[in-house]
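Report on the following structure.
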Amino acid sequence: MNVEDMRTFVEVADTGGVSAAARRLGVTKSMVSRQLHRLEAQLGVQLLARTTRGAALTEAGATFRDHAARVCAEIDAAREMIVPMGDLCGLLRIAAPLSFGPTHFAPVFIEMAKRHPNLRIHISFSDHAVDLATDGFDCAIRLGRSEHPGLDSHRVGLIFGKVVASPAYVEEHGSPETLEELVSNHVALTQGDEAWQLIDGDKVVSVKPISRFRADNGIALVAAALEGLGVAILPTGLISRHLASGTLVPVMTDFPVPDAGIDVVCLHSKYTVRKIQVLTEMLSESFDHSSVSGAPFEQSLAVAGSTRAIVK
């Protein structure tokens, strides 16, 4: 029985259709259909019921899906154990944030592809937190201070932020100096509905200023801040040049923003997936999270793997 046929069947079962599985695997729909027909012919049972909305598992298909997924995972693990120092191969699907992905993480992905020519890398850039199991990603890069329940998590770096506003906003509305002023007298640019976390003395406090402008992307929030729409907490990796030029200025300087993590997360497995392990190691080399007081980030990932940096 062809292992790749089983792997394709698992993808169709998990995505709910031939088209979605083909996109995820990077192959044609006709190839997926051929593999499915071949597998069903070898087993002598129908695994999928084709519908106008996609493909639904039959009773036999639901039973076979878990066995097929386990076989594929064990074969991948065996291959890596047999040649632990060999070249990486197969497909690695990564979900990365849009705000930092193309500029800070893509060079590492490109370097990984150069080092391992037999490895296919598919990347999706989005600031939406994907569901690894449902959306079919091998791993994701997450930014923030939240925990990752049910997932294996590996810290590869730190990300720093500041509360900022434009000089025009400060001139019109004043600079907030206290938590009460921030909440009562100012409007905020936010990425979600969650409260802001700031350091007050020796403790972290939560405040929820009035949100005037909300976007799920940090670059859009930078643009809004530059136009004077409100106060924002932004990663310094996105605003360092604006701070240097004075087009954005720090506010609430007595209440700094807590450091956040750069984490690689993946589904829990009893096997060590070398592709994810290698990616994690390369990211750790590029984002040295031990040097939290290092110099500001200035395009130090222009050549991935050649420098150590923090997203600051």
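Ligands are numbered from 1 in the order shown, chains are lettered A, B, ... in the order of the structure tokens, and residues start at 1 in each chain.
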
Mind listing the strand (DSSP E or B) residues of region 51-92 of chain A, per DSSP on the backbone, as an mmCIF file with N, CA and C atoms, in the first residue's frame?
```cif
data_model
loop_
_atom_site.group_PDB
_atom_site.id
_atom_site.type_symbol
_atom_site.label_atom_id
_atom_site.label_comp_id
_atom_site.auth_asym_id
_atom_site.auth_seq_id
_atom_site.Cartn_x
_atom_site.Cartn_y
_atom_site.Cartn_z
ATOM 1 N N THR A 51 -19.644 14.518 -2.318
ATOM 2 C CA THR A 51 -20.849 15.336 -2.280
ATOM 3 C C THR A 51 -20.585 16.634 -3.032
ATOM 4 N N GLY A 54 -18.054 18.645 -1.113
ATOM 5 C CA GLY A 54 -16.717 18.123 -0.865
ATOM 6 C C GLY A 54 -16.716 16.621 -0.755
ATOM 7 N N ALA A 55 -16.148 16.126 0.336
ATOM 8 C CA ALA A 55 -16.065 14.686 0.550
ATOM 9 C C ALA A 55 -16.263 14.397 2.028
ATOM 10 N N ALA A 56 -17.131 13.437 2.307
ATOM 11 C CA ALA A 56 -17.405 13.047 3.689
ATOM 12 C C ALA A 56 -16.908 11.629 3.912
ATOM 13 N N LEU A 57 -16.402 11.363 5.091
ATOM 14 C CA LEU A 57 -15.901 10.033 5.411
ATOM 15 C C LEU A 57 -17.049 9.042 5.545
ATOM 16 N N GLY A 90 10.312 16.171 2.114
ATOM 17 C CA GLY A 90 8.882 16.242 2.358
ATOM 18 C C GLY A 90 8.378 17.676 2.345
ATOM 19 N N LEU A 91 7.290 17.905 3.086
ATOM 20 C CA LEU A 91 6.609 19.195 3.085
ATOM 21 C C LEU A 91 6.533 19.738 4.501
ATOM 22 N N LEU A 92 6.875 21.012 4.672
ATOM 23 C CA LEU A 92 6.742 21.704 5.947
ATOM 24 C C LEU A 92 5.805 22.884 5.745
#
```

Discussion item. I'd like to know which residues of region 106-235 of chain A are helix (DSSP H, G or I) (by DSSP, run on the backbone); could you write them as an MDAnalysis selection string?
Written reply: chainID A and resid 106:115 132:135 167:173 179:185 218:226

Item to complete: Tell me which of A:Cys72, A:Ala41, A:Ala96, A:Leu143 sits closest to Phe160 (chain A), counting only C-alpha atoms.
Response: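 Closest to Phe160 (chain A) of all the choices is A:Leu143.
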
Could you produce a table of the residues of region 203-241 of chain A lying within 10 Å of region 190-195 of chain A, with the nearest pair of atoms per residue and their separation in Å rounded to one decimal, using only C-alpha atoms, ordered by chain and increasing residue number, as a Markdown table?
```
| residue | atom | partner | partner_atom | distance |
| --- | --- | --- | --- | --- |
| A:Val205 | CA | A:Ala195 | CA | 9.4 |
| A:Ser206 | CA | A:Ala195 | CA | 5.8 |
| A:Val207 | CA | A:Ala195 | CA | 5.4 |
| A:Lys208 | CA | A:Ala195 | CA | 4.6 |
| A:Pro209 | CA | A:Ala195 | CA | 7.8 |
| A:Ile210 | CA | A:Thr190 | CA | 9.2 |
| A:Ser211 | CA | A:Thr190 | CA | 6.2 |
| A:Arg212 | CA | A:Thr190 | CA | 8.0 |
| A:Phe213 | CA | A:Thr190 | CA | 6.5 |
| A:Arg214 | CA | A:Thr190 | CA | 4.8 |
| A:Ala215 | CA | A:Gln191 | CA | 5.1 |
| A:Asp216 | CA | A:Gln191 | CA | 5.0 |
| A:Asn217 | CA | A:Gln191 | CA | 6.7 |
| A:Gly218 | CA | A:Gln191 | CA | 7.3 |
| A:Ala220 | CA | A:Gln191 | CA | 9.5 |
| A:Leu221 | CA | A:Thr190 | CA | 7.4 |
| A:Gly230 | CA | A:Thr190 | CA | 9.5 |
| A:Val231 | CA | A:Thr190 | CA | 8.8 |
| A:Ala232 | CA | A:Thr190 | CA | 6.7 |
| A:Ile233 | CA | A:Thr190 | CA | 7.7 |
| A:Leu234 | CA | A:Thr190 | CA | 9.4 |
```

Dump of C-alpha atoms for the selected residues, as an mmCIF file, in the first residue's frame:
```cif
data_model
loop_
_atom_site.group_PDB
_atom_site.id
_atom_site.type_symbol
_atom_site.label_atom_id
_atom_site.label_comp_id
_atom_site.auth_asym_id
_atom_site.auth_seq_id
_atom_site.Cartn_x
_atom_site.Cartn_y
_atom_site.Cartn_z
ATOM 1 C CA VAL A 205 -1.791 45.633 35.411
ATOM 2 C CA SER A 206 -4.536 45.480 32.804
ATOM 3 C CA VAL A 207 -6.250 48.554 31.418
ATOM 4 C CA LYS A 208 -8.806 48.895 28.656
ATOM 5 C CA PRO A 209 -8.772 52.288 26.951
ATOM 6 C CA ILE A 210 -11.515 53.279 24.529
ATOM 7 C CA SER A 211 -10.775 51.730 21.147
ATOM 8 C CA ARG A 212 -11.317 54.137 18.271
ATOM 9 C CA PHE A 213 -9.617 52.160 15.506
ATOM 10 C CA ARG A 214 -9.147 48.392 15.435
ATOM 11 C CA ALA A 215 -7.172 46.281 12.975
ATOM 12 C CA ASP A 216 -5.822 42.733 13.022
ATOM 13 C CA ASN A 217 -2.482 43.818 11.571
ATOM 14 C CA GLY A 218 0.328 45.758 13.216
ATOM 15 C CA ALA A 220 -2.143 49.058 9.710
ATOM 16 C CA LEU A 221 -1.983 50.232 13.329
ATOM 17 C CA GLY A 230 -4.874 57.600 18.806
ATOM 18 C CA VAL A 231 -2.462 55.979 21.241
ATOM 19 C CA ALA A 232 -1.124 52.510 20.401
ATOM 20 C CA ILE A 233 1.032 49.737 21.810
ATOM 21 C CA LEU A 234 3.303 48.728 18.934
#
```

Fill in: Separation of CA of Leu132 (chain A) from CA of Leu39 (chain A), in Å and rounded to one decimal
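Those two atoms sit 25.9 Å apart.
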
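Considering only C-alpha atoms, the residue among A:Ile110, A:Leu119, A:Ala133, A:Met6 positioned nearest to Arg65 (chain A) is A:Met6.
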
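CA of Tyr169 (chain A) sits 10.7 Å away from CA of Thr247 (chain A).
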
Practice prompt. Between A:Asp263, A:Ser30, A:Phe64, A:Gly44, single out the one closest to Phe9 (chain A), counting only C-alpha atoms.
Written response: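 Among the listed residues, the smallest separation from Phe9 (chain A) belongs to A:Phe64.
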
Discussion item. Taking 3 positions as the minimum chain separation for residues in the same chain, which residues sit within 12 Å of Ser245 (chain A) when counting only C-alpha atoms? Answer as number ranges by chain.
Written reply: A: 166-167, 226, 239-242, 248-249

Worksheet item: For Ala224 (chain A), which residue among A:Val164, A:Glu172, A:Asp138, A:Leu48 is the nearest when counting only C-alpha atoms?
Response: A:Val164

Discussion item. So the first atom is CA of Phe255 (chain A) and the second is CA of Phe100 (chain A); what is the distance between them in Å, to one decimal place?
Written reply: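 Result for CA of Phe255 (chain A) versus CA of Phe100 (chain A): 24.7 Å, one decimal.
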
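Of the listed residues A:Arg53, A:His116, A:His37, A:Arg142, the one whose atoms come nearest to Ser99 (chain A) is A:Arg142, with distances taken using only C-alpha atoms.
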
Worksheet item: Which residues, written as a PyMOL selection string, have at least one atom at most 7 Å from Lys275 (chain A), with only C-alpha atoms counted and residues fewer than 2 positions away on the same chain left out?
Response: chain A and resi 88+92+273+277-279
